[in-house]
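protein.pdb, holding PDB, C-alpha atoms, pLDDT in the B column:
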```pdb
ATOM      1  CA  MET A  36      -1.053   1.656 -12.926  1.00 95.00           C
ATOM      2  CA  VAL A  37      -1.702   1.080  -9.207  1.00 98.00           C
ATOM      3  CA  ARG A  38      -4.587  -0.933  -7.786  1.00 98.00           C
ATOM      4  CA  LEU A  39      -6.337   0.839  -4.890  1.00 98.00           C
ATOM      5  CA  VAL A  40      -8.562  -1.105  -2.487  1.00 98.00           C
ATOM      6  CA  TYR A  41     -10.943   0.536   0.025  1.00 98.00           C
ATOM      7  CA  LEU A  42     -12.185  -1.620   2.893  1.00 98.00           C
ATOM      8  CA  ALA A  43     -14.830  -1.685   5.636  1.00 97.00           C
ATOM      9  CA  ARG A  44     -16.100   1.707   6.867  1.00 96.00           C
ATOM     10  CA  LEU A  45     -13.832   3.540   4.435  1.00 97.00           C
ATOM     11  CA  ARG A  46     -15.412   1.723   1.463  1.00 97.00           C
ATOM     12  CA  ASP A  47     -18.863   2.798   2.672  1.00 97.00           C
ATOM     13  CA  ALA A  48     -17.762   6.396   3.255  1.00 97.00           C
ATOM     14  CA  LEU A  49     -15.992   6.704  -0.120  1.00 97.00           C
ATOM     15  CA  GLY A  50     -18.712   4.828  -1.990  1.00 97.00           C
ATOM     16  CA  SER A  51     -16.147   2.614  -3.745  1.00 97.00           C
ATOM     17  CA  GLY A  52     -14.497  -0.749  -3.183  1.00 97.00           C
ATOM     18  CA  GLY A  53     -11.468   0.178  -5.226  1.00 98.00           C
ATOM     19  CA  GLU A  54     -10.081   1.405  -8.540  1.00 98.00           C
ATOM     20  CA  SER A  55      -7.058   1.243 -10.792  1.00 98.00           C
ATOM     21  CA  VAL A  56      -5.284   4.573 -11.252  1.00 98.00           C
ATOM     22  CA  ASP A  57      -2.289   6.057 -13.020  1.00 97.00           C
ATOM     23  CA  LEU A  58      -0.548   8.164 -10.394  1.00 96.00           C
ATOM     24  CA  PRO A  59       1.215  11.421 -11.262  1.00 96.00           C
ATOM     25  CA  GLY A  60       5.006  11.091 -11.136  1.00 94.00           C
ATOM     26  CA  ASP A  61       5.326  12.966  -7.858  1.00 95.00           C
ATOM     27  CA  VAL A  62       2.877  10.677  -6.040  1.00 97.00           C
ATOM     28  CA  ALA A  63       5.354   7.993  -5.005  1.00 97.00           C
ATOM     29  CA  THR A  64       4.750   7.423  -1.270  1.00 97.00           C
ATOM     30  CA  VAL A  65       1.821   6.549   0.984  1.00 97.00           C
ATOM     31  CA  ASN A  66       1.666  10.106   2.329  1.00 96.00           C
ATOM     32  CA  ALA A  67       1.645  11.593  -1.161  1.00 97.00           C
ATOM     33  CA  LEU A  68      -1.074   9.163  -2.257  1.00 97.00           C
ATOM     34  CA  LEU A  69      -3.327  10.095   0.690  1.00 97.00           C
ATOM     35  CA  ALA A  70      -2.853  13.809  -0.046  1.00 96.00           C
ATOM     36  CA  TRP A  71      -3.545  13.240  -3.749  1.00 97.00           C
ATOM     37  CA  LEU A  72      -6.753  11.307  -3.038  1.00 97.00           C
ATOM     38  CA  ALA A  73      -7.859  13.892  -0.438  1.00 97.00           C
ATOM     39  CA  GLY A  74      -7.528  16.483  -3.208  1.00 97.00           C
ATOM     40  CA  ARG A  75     -10.653  14.996  -4.816  1.00 97.00           C
ATOM     41  CA  GLY A  76     -12.658  16.819  -2.122  1.00 96.00           C
ATOM     42  CA  ASP A  77     -15.924  15.858  -0.412  1.00 96.00           C
ATOM     43  CA  ALA A  78     -15.801  12.449   1.290  1.00 97.00           C
ATOM     44  CA  TRP A  79     -12.211  11.959   0.106  1.00 97.00           C
ATOM     45  CA  ALA A  80     -11.032  15.142   1.785  1.00 97.00           C
ATOM     46  CA  ARG A  81     -13.048  14.365   4.908  1.00 96.00           C
ATOM     47  CA  GLU A  82     -11.971  10.743   5.330  1.00 96.00           C
ATOM     48  CA  LEU A  83      -8.329  11.140   4.324  1.00 95.00           C
ATOM     49  CA  ALA A  84      -7.593  14.420   6.088  1.00 92.00           C
ATOM     50  CA  PRO A  85      -4.322  14.507   8.044  1.00 86.00           C
ATOM     51  CA  GLY A  86      -4.927  13.161  11.527  1.00 85.00           C
ATOM     52  CA  ARG A  87      -7.694  10.758  10.511  1.00 89.00           C
ATOM     53  CA  ALA A  88      -7.048   7.146  11.530  1.00 91.00           C
ATOM     54  CA  VAL A  89      -6.408   5.582   8.127  1.00 95.00           C
ATOM     55  CA  ARG A  90      -4.248   2.475   7.839  1.00 96.00           C
ATOM     56  CA  VAL A  91      -2.485   1.630   4.589  1.00 97.00           C
ATOM     57  CA  ALA A  92      -1.108  -1.670   3.299  1.00 97.00           C
ATOM     58  CA  VAL A  93       1.161  -1.962   0.262  1.00 98.00           C
ATOM     59  CA  ASN A  94       1.126  -5.403  -1.339  1.00 98.00           C
ATOM     60  CA  HIS A  95      -0.458  -6.881   1.825  1.00 97.00           C
ATOM     61  CA  ASP A  96       2.116  -5.428   4.241  1.00 95.00           C
ATOM     62  CA  LEU A  97       1.239  -2.614   6.668  1.00 94.00           C
ATOM     63  CA  ALA A  98       2.876   0.561   5.379  1.00 96.00           C
ATOM     64  CA  GLN A  99       4.178   3.792   6.912  1.00 95.00           C
ATOM     65  CA  ALA A 100       3.824   7.378   5.667  1.00 94.00           C
ATOM     66  CA  HIS A 101       7.106   7.196   3.735  1.00 97.00           C
ATOM     67  CA  THR A 102       6.588   3.700   2.246  1.00 98.00           C
ATOM     68  CA  PRO A 103       7.186   3.921  -1.528  1.00 98.00           C
ATOM     69  CA  ILE A 104       4.442   3.114  -4.040  1.00 98.00           C
ATOM     70  CA  ARG A 105       5.379   1.781  -7.459  1.00 97.00           C
ATOM     71  CA  ALA A 106       3.519   0.789 -10.610  1.00 96.00           C
ATOM     72  CA  GLY A 107       1.857  -2.609 -10.203  1.00 97.00           C
ATOM     73  CA  ASP A 108       1.415  -2.287  -6.421  1.00 98.00           C
ATOM     74  CA  GLU A 109      -1.823  -3.067  -4.625  1.00 98.00           C
ATOM     75  CA  VAL A 110      -2.476  -0.358  -2.034  1.00 98.00           C
ATOM     76  CA  ALA A 111      -5.275  -0.868   0.492  1.00 98.00           C
ATOM     77  CA  LEU A 112      -6.776   1.881   2.667  1.00 98.00           C
ATOM     78  CA  PHE A 113      -8.779   0.905   5.725  1.00 97.00           C
ATOM     79  CA  PRO A 114      -9.761   1.988   9.259  1.00 97.00           C
ATOM     80  CA  PRO A 115      -8.021   0.588  12.362  1.00 96.00           C
ATOM     81  CA  VAL A 116      -8.766  -3.130  12.601  1.00 97.00           C
ATOM     82  CA  THR A 117     -11.394  -4.578  14.953  1.00 96.00           C
ATOM     83  CA  GLY A 118     -11.139  -8.370  14.687  1.00 95.00           C
ATOM     84  CA  GLY A 119     -10.899 -11.017  17.385  1.00 94.00           C
TER      85      GLY A 119
ATOM     86  CA  MET B 338      -2.308 -25.254   8.345  1.00 67.00           C
ATOM     87  CA  SER B 339      -1.612 -23.038  11.353  1.00 93.00           C
ATOM     88  CA  VAL B 340      -3.877 -20.228  10.097  1.00 98.00           C
ATOM     89  CA  ARG B 341      -7.399 -20.358   8.658  1.00 98.00           C
ATOM     90  CA  VAL B 342     -10.050 -17.785   7.776  1.00 98.00           C
ATOM     91  CA  GLN B 343     -13.440 -19.421   7.283  1.00 98.00           C
ATOM     92  CA  ARG B 344     -17.192 -18.899   7.415  1.00 98.00           C
ATOM     93  CA  GLU B 345     -17.996 -22.202   9.124  1.00 98.00           C
ATOM     94  CA  GLU B 346     -17.935 -22.829  12.852  1.00 98.00           C
ATOM     95  CA  PHE B 347     -14.847 -24.633  14.176  1.00 98.00           C
ATOM     96  CA  ASP B 348     -14.769 -27.816  16.251  1.00 98.00           C
ATOM     97  CA  VAL B 349     -12.542 -27.019  19.239  1.00 98.00           C
ATOM     98  CA  ALA B 350     -12.035 -30.645  20.324  1.00 97.00           C
ATOM     99  CA  ARG B 351     -11.056 -31.709  16.824  1.00 97.00           C
ATOM    100  CA  GLU B 352      -8.654 -28.798  16.405  1.00 98.00           C
ATOM    101  CA  ILE B 353      -6.937 -29.575  19.737  1.00 98.00           C
ATOM    102  CA  ALA B 354      -6.639 -33.256  18.859  1.00 97.00           C
ATOM    103  CA  ASP B 355      -5.165 -32.323  15.493  1.00 97.00           C
ATOM    104  CA  LEU B 356      -2.720 -29.871  17.092  1.00 97.00           C
ATOM    105  CA  ARG B 357      -1.485 -32.507  19.552  1.00 96.00           C
ATOM    106  CA  ALA B 358      -1.358 -35.286  16.937  1.00 93.00           C
ATOM    107  CA  GLY B 359       0.322 -37.817  19.191  1.00 88.00           C
ATOM    108  CA  ASN B 360       3.172 -35.517  20.281  1.00 96.00           C
ATOM    109  CA  ALA B 361       4.017 -36.870  23.760  1.00 97.00           C
ATOM    110  CA  ARG B 362       6.305 -33.892  24.490  1.00 98.00           C
ATOM    111  CA  ILE B 363       3.299 -31.562  24.719  1.00 98.00           C
ATOM    112  CA  GLY B 364       2.445 -30.904  28.364  1.00 98.00           C
ATOM    113  CA  ALA B 365       0.117 -27.927  27.931  1.00 98.00           C
ATOM    114  CA  VAL B 366      -2.431 -26.597  25.462  1.00 98.00           C
ATOM    115  CA  ALA B 367      -3.859 -23.108  25.985  1.00 98.00           C
ATOM    116  CA  ALA B 368      -7.051 -22.205  24.124  1.00 98.00           C
ATOM    117  CA  PHE B 369      -8.748 -18.852  23.647  1.00 98.00           C
ATOM    118  CA  ILE B 370     -12.222 -18.630  22.138  1.00 98.00           C
ATOM    119  CA  GLY B 371     -13.713 -15.240  21.265  1.00 98.00           C
ATOM    120  CA  ILE B 372     -17.528 -15.145  21.262  1.00 98.00           C
ATOM    121  CA  VAL B 373     -20.158 -12.727  19.906  1.00 97.00           C
ATOM    122  CA  ARG B 374     -21.960 -10.897  22.725  1.00 96.00           C
ATOM    123  CA  ASP B 375     -25.528  -9.580  22.556  1.00 96.00           C
ATOM    124  CA  VAL B 376     -24.546  -6.128  23.783  1.00 93.00           C
ATOM    125  CA  ASN B 377     -21.890  -3.516  22.916  1.00 91.00           C
ATOM    126  CA  ASP B 378     -21.560   0.058  24.184  1.00 87.00           C
ATOM    127  CA  GLY B 379     -24.940  -0.288  25.868  1.00 86.00           C
ATOM    128  CA  ASP B 380     -26.886  -1.321  22.750  1.00 90.00           C
ATOM    129  CA  ASP B 381     -28.408  -4.664  21.800  1.00 95.00           C
ATOM    130  CA  VAL B 382     -26.444  -6.485  19.107  1.00 95.00           C
ATOM    131  CA  ARG B 383     -28.512  -8.657  16.777  1.00 96.00           C
ATOM    132  CA  THR B 384     -25.796  -9.739  14.366  1.00 97.00           C
ATOM    133  CA  LEU B 385     -22.108  -9.137  13.887  1.00 97.00           C
ATOM    134  CA  THR B 386     -20.653  -9.195  10.376  1.00 98.00           C
ATOM    135  CA  LEU B 387     -16.922  -9.737   9.998  1.00 98.00           C
ATOM    136  CA  GLU B 388     -15.089  -8.553   6.916  1.00 98.00           C
ATOM    137  CA  HIS B 389     -11.455  -9.239   6.069  1.00 98.00           C
ATOM    138  CA  TYR B 390      -8.882  -8.481   3.385  1.00 98.00           C
ATOM    139  CA  PRO B 391      -8.233 -11.808   1.639  1.00 97.00           C
ATOM    140  CA  GLY B 392      -4.548 -12.431   1.123  1.00 95.00           C
ATOM    141  CA  MET B 393      -3.322  -9.881   3.635  1.00 98.00           C
ATOM    142  CA  THR B 394      -5.272 -11.362   6.531  1.00 98.00           C
ATOM    143  CA  GLU B 395      -3.720 -14.815   6.176  1.00 97.00           C
ATOM    144  CA  LYS B 396      -0.277 -13.259   5.759  1.00 97.00           C
ATOM    145  CA  ALA B 397      -0.707 -11.082   8.870  1.00 97.00           C
ATOM    146  CA  LEU B 398      -1.828 -14.071  10.933  1.00 98.00           C
ATOM    147  CA  GLU B 399       1.158 -16.137   9.728  1.00 97.00           C
ATOM    148  CA  VAL B 400       3.489 -13.329  10.812  1.00 96.00           C
ATOM    149  CA  ILE B 401       1.885 -13.291  14.283  1.00 97.00           C
ATOM    150  CA  VAL B 402       2.281 -17.074  14.579  1.00 98.00           C
ATOM    151  CA  ALA B 403       5.944 -16.853  13.542  1.00 97.00           C
ATOM    152  CA  ASP B 404       6.496 -14.019  16.036  1.00 97.00           C
ATOM    153  CA  ALA B 405       4.953 -16.072  18.868  1.00 98.00           C
ATOM    154  CA  ARG B 406       7.078 -19.093  17.955  1.00 97.00           C
ATOM    155  CA  GLY B 407      10.194 -16.920  18.137  1.00 97.00           C
ATOM    156  CA  ARG B 408       9.340 -15.486  21.548  1.00 98.00           C
ATOM    157  CA  TRP B 409       8.205 -18.631  23.405  1.00 98.00           C
ATOM    158  CA  ASP B 410       9.120 -22.274  23.501  1.00 98.00           C
ATOM    159  CA  VAL B 411       6.038 -23.696  21.806  1.00 98.00           C
ATOM    160  CA  PHE B 412       5.387 -26.741  19.612  1.00 97.00           C
ATOM    161  CA  ASP B 413       2.573 -25.308  17.570  1.00 97.00           C
ATOM    162  CA  VAL B 414       0.218 -22.337  17.255  1.00 98.00           C
ATOM    163  CA  ARG B 415      -3.114 -22.349  15.466  1.00 98.00           C
ATOM    164  CA  ILE B 416      -5.452 -19.459  14.636  1.00 98.00           C
ATOM    165  CA  ILE B 417      -8.908 -19.920  13.148  1.00 98.00           C
ATOM    166  CA  HIS B 418     -10.904 -16.723  12.552  1.00 98.00           C
ATOM    167  CA  ARG B 419     -14.433 -16.633  11.177  1.00 98.00           C
ATOM    168  CA  VAL B 420     -15.853 -14.108   8.712  1.00 98.00           C
ATOM    169  CA  GLY B 421     -19.389 -13.414   7.521  1.00 98.00           C
ATOM    170  CA  THR B 422     -22.509 -12.733   9.570  1.00 98.00           C
ATOM    171  CA  LEU B 423     -22.589 -14.191  13.093  1.00 98.00           C
ATOM    172  CA  ALA B 424     -25.156 -14.098  15.906  1.00 98.00           C
ATOM    173  CA  PRO B 425     -24.741 -13.637  19.661  1.00 97.00           C
ATOM    174  CA  THR B 426     -23.208 -16.756  21.311  1.00 98.00           C
ATOM    175  CA  ASP B 427     -21.464 -17.727  18.037  1.00 98.00           C
ATOM    176  CA  PRO B 428     -17.706 -18.305  18.352  1.00 98.00           C
ATOM    177  CA  ILE B 429     -15.595 -15.840  16.306  1.00 98.00           C
ATOM    178  CA  VAL B 430     -11.979 -16.831  16.841  1.00 98.00           C
ATOM    179  CA  LEU B 431      -9.965 -19.766  18.166  1.00 98.00           C
ATOM    180  CA  VAL B 432      -6.314 -19.567  19.216  1.00 98.00           C
ATOM    181  CA  LEU B 433      -4.511 -22.729  20.321  1.00 98.00           C
ATOM    182  CA  VAL B 434      -0.948 -22.987  21.613  1.00 98.00           C
ATOM    183  CA  ALA B 435       0.801 -26.252  22.473  1.00 98.00           C
ATOM    184  CA  SER B 436       3.950 -26.233  24.601  1.00 98.00           C
ATOM    185  CA  ALA B 437       5.831 -28.319  27.157  1.00 98.00           C
ATOM    186  CA  HIS B 438       4.740 -26.191  30.117  1.00 98.00           C
ATOM    187  CA  ARG B 439       1.788 -23.916  30.795  1.00 98.00           C
ATOM    188  CA  GLY B 440       3.689 -20.635  31.091  1.00 98.00           C
ATOM    189  CA  ASP B 441       4.710 -20.539  27.433  1.00 98.00           C
ATOM    190  CA  ALA B 442       1.263 -21.636  26.271  1.00 98.00           C
ATOM    191  CA  PHE B 443      -0.613 -19.022  28.329  1.00 98.00           C
ATOM    192  CA  SER B 444       1.712 -16.165  27.373  1.00 98.00           C
ATOM    193  CA  ALA B 445       1.886 -17.004  23.683  1.00 98.00           C
ATOM    194  CA  CYS B 446      -1.904 -17.374  23.487  1.00 98.00           C
ATOM    195  CA  GLU B 447      -2.474 -13.954  25.052  1.00 98.00           C
ATOM    196  CA  PHE B 448       0.179 -12.387  22.825  1.00 98.00           C
ATOM    197  CA  VAL B 449      -1.432 -13.816  19.679  1.00 98.00           C
ATOM    198  CA  MET B 450      -4.820 -12.356  20.602  1.00 98.00           C
ATOM    199  CA  ASP B 451      -3.380  -8.943  21.521  1.00 97.00           C
ATOM    200  CA  TYR B 452      -1.508  -8.759  18.213  1.00 97.00           C
ATOM    201  CA  LEU B 453      -4.428 -10.123  16.205  1.00 97.00           C
ATOM    202  CA  LYS B 454      -6.728  -7.417  17.565  1.00 96.00           C
ATOM    203  CA  THR B 455      -4.405  -4.624  16.425  1.00 94.00           C
ATOM    204  CA  ARG B 456      -2.624  -6.034  13.340  1.00 95.00           C
ATOM    205  CA  ALA B 457      -4.822  -8.533  11.491  1.00 97.00           C
ATOM    206  CA  PRO B 458      -7.149  -6.899   8.931  1.00 98.00           C
ATOM    207  CA  PHE B 459     -10.608  -7.797  10.186  1.00 98.00           C
ATOM    208  CA  TRP B 460     -13.465  -5.358  10.723  1.00 98.00           C
ATOM    209  CA  LYS B 461     -16.750  -5.773  12.581  1.00 98.00           C
ATOM    210  CA  LYS B 462     -20.080  -4.260  11.650  1.00 97.00           C
ATOM    211  CA  GLU B 463     -22.882  -4.750  14.141  1.00 97.00           C
ATOM    212  CA  ALA B 464     -26.613  -4.621  13.590  1.00 97.00           C
ATOM    213  CA  THR B 465     -28.505  -2.992  16.463  1.00 95.00           C
ATOM    214  CA  PRO B 466     -32.188  -1.955  16.753  1.00 95.00           C
ATOM    215  CA  GLN B 467     -30.989   1.541  15.713  1.00 93.00           C
ATOM    216  CA  GLY B 468     -29.369   0.247  12.523  1.00 95.00           C
ATOM    217  CA  GLU B 469     -25.961  -0.936  11.368  1.00 96.00           C
ATOM    218  CA  ARG B 470     -22.664   0.549  12.554  1.00 96.00           C
ATOM    219  CA  TRP B 471     -18.976  -0.212  12.165  1.00 97.00           C
ATOM    220  CA  VAL B 472     -17.250  -1.092  15.420  1.00 95.00           C
ATOM    221  CA  GLU B 473     -14.586   1.471  16.352  1.00 92.00           C
ATOM    222  CA  ALA B 474     -11.093   0.350  17.345  1.00 91.00           C
ATOM    223  CA  ARG B 475     -10.378   0.666  21.059  1.00 88.00           C
ATOM    224  CA  GLU B 476      -7.328   2.349  22.529  1.00 86.00           C
ATOM    225  CA  ARG B 477      -7.061  -0.301  25.221  1.00 89.00           C
ATOM    226  CA  ASP B 478      -6.395  -2.898  22.504  1.00 91.00           C
ATOM    227  CA  ASP B 479      -3.371  -0.858  21.384  1.00 89.00           C
ATOM    228  CA  ASP B 480      -2.241  -0.664  25.024  1.00 89.00           C
ATOM    229  CA  ALA B 481      -2.607  -4.445  25.378  1.00 91.00           C
ATOM    230  CA  ALA B 482      -0.496  -5.095  22.256  1.00 92.00           C
ATOM    231  CA  ALA B 483       2.160  -2.539  23.258  1.00 91.00           C
ATOM    232  CA  ARG B 484       3.073  -4.360  26.484  1.00 92.00           C
ATOM    233  CA  TRP B 485       4.709  -7.238  24.567  1.00 92.00           C
TER     234      TRP B 485
END
```
Can the structure in the file be given as structure tokens, please?
Amino acid sequence: MVRLVYLARLRDALGSGGESVDLPGDVATVNALLAWLAGRGDAWARELAPGRAVRVAVNHDLAQAHTPIRAGDEVALFPPVTGG
Amino acid sequence: MSVRVQREEFDVAREIADLRAGNARIGAVAAFIGIVRDVNDGDDVRTLTLEHYPGMTEKALEVIVADARGRWDVFDVRIIHRVGTLAPTDPIVLVLVASAHRGDAFSACEFVMDYLKTRAPFWKKEATPQGERWVEARERDDDAAARW
């Protein structure tokens, strides 16, 4: 089980603040997760399409495309930050 | 605490006094205060709502403070960032840096803000007469962070 968190504009666009999911065995990196979620279609496909500016954090650390995802992780998806 | 995320307004004088805390080696304190403006991209801004990612935000700010301390000769760095709904003229963020000489304080303060704007998970939503909209990240903020 992996905890997914959607923040800011992405939460509005996806209509969800987060969910807990069991990932298929071959979904083990950030890139694979984004592709898997985009496979849901509609807003998911639109917002998570390759080239869209989506940032990902795994267990509160900014992640890269190849960062591994394991059971028990908290994975957050969000747009580029705009604080300060 | 060198890093705080809070709804309440901060007291700049009290924070500076606390940062200095009788350290007679401090010769310079640089302060940056970010403030809500009443206009953005040509539209009136009525309120600005700041969201963050509890847990990660504090961690990201701590990393930025540690990075600044490693790059410059500073005694202390403090970041206070507000969240929730703010109005024009309200302060959003305070960065304080205490050092022996002004050069380190100025540079570290600017570095902290440039990194904060591109690495700390905060997002702004502004209310305008046309409705609410999420503020888009700006490329020039990435350019500013990349020069360090």
Check what the ChimeraX specification (/A :<8) & /B selects in the file above and give those residues as a PyMOL selection string.
chain B and resi 371+387-388+390+392-393+396-397+418+429-430+450+453-461+471-474
Skipping near chain neighbours, those fewer than 6 positions away, what residues fall within 7 Å of range 55-59 of chain A using all atoms listed in the file, listed as a list in words?
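Contacts, in chain order: Met36, Val37, Arg38 and Leu39 of chain A.
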So how many Å separate CA of Arg105 in chain A and CA of Gly60 in chain A, to one decimal?
10.0 Å
Could you check how far CA of Gly76 in chain A sits from CA of Leu45 in chain A, in Å to one decimal?
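So the two atoms, CA of Gly76 in chain A and CA of Leu45 in chain A, lie 14.9 Å apart.
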Between A:Asp61, A:Ala106, A:Leu69, A:Gly53, which residue has the minimum interatomic distance to Arg81 in chain A, considering all atoms listed in the file?
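That would be A:Leu69, the residue with the smallest distance to Arg81 in chain A.
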State, in Å with one decimal place, the distance from CA of Glu346 in chain B to CA of Thr386 in chain B.
14.1 Å
Polymer residues at most 10 Å from range 406-415 of chain B, only C-alpha atoms, same-chain spacing of 4 or more positions, as number ranges by chain:
B: 338-341, 352-353, 356-357, 360, 362-363, 365-368, 398-402, 431-442, 444-446, 448-449, 485
Hey, can you spit out that residue selection with C-alpha atoms as a compact mmCIF listing (two decimals), in the coordinates of the input?
```txt
# COMPACT_ATOMS: atom_id res chain seq x y z
CA MET B 338 -2.31 -25.25 8.35
CA SER B 339 -1.61 -23.04 11.35
CA VAL B 340 -3.88 -20.23 10.10
CA ARG B 341 -7.40 -20.36 8.66
CA GLU B 352 -8.65 -28.80 16.40
CA ILE B 353 -6.94 -29.58 19.74
CA LEU B 356 -2.72 -29.87 17.09
CA ARG B 357 -1.48 -32.51 19.55
CA ASN B 360 3.17 -35.52 20.28
CA ARG B 362 6.30 -33.89 24.49
CA ILE B 363 3.30 -31.56 24.72
CA ALA B 365 0.12 -27.93 27.93
CA VAL B 366 -2.43 -26.60 25.46
CA ALA B 367 -3.86 -23.11 25.98
CA ALA B 368 -7.05 -22.20 24.12
CA LEU B 398 -1.83 -14.07 10.93
CA GLU B 399 1.16 -16.14 9.73
CA VAL B 400 3.49 -13.33 10.81
CA ILE B 401 1.88 -13.29 14.28
CA VAL B 402 2.28 -17.07 14.58
CA LEU B 431 -9.96 -19.77 18.17
CA VAL B 432 -6.31 -19.57 19.22
CA LEU B 433 -4.51 -22.73 20.32
CA VAL B 434 -0.95 -22.99 21.61
CA ALA B 435 0.80 -26.25 22.47
CA SER B 436 3.95 -26.23 24.60
CA ALA B 437 5.83 -28.32 27.16
CA HIS B 438 4.74 -26.19 30.12
CA ARG B 439 1.79 -23.92 30.80
CA GLY B 440 3.69 -20.64 31.09
CA ASP B 441 4.71 -20.54 27.43
CA ALA B 442 1.26 -21.64 26.27
CA SER B 444 1.71 -16.16 27.37
CA ALA B 445 1.89 -17.00 23.68
CA CYS B 446 -1.90 -17.37 23.49
CA PHE B 448 0.18 -12.39 22.82
CA VAL B 449 -1.43 -13.82 19.68
CA TRP B 485 4.71 -7.24 24.57
```
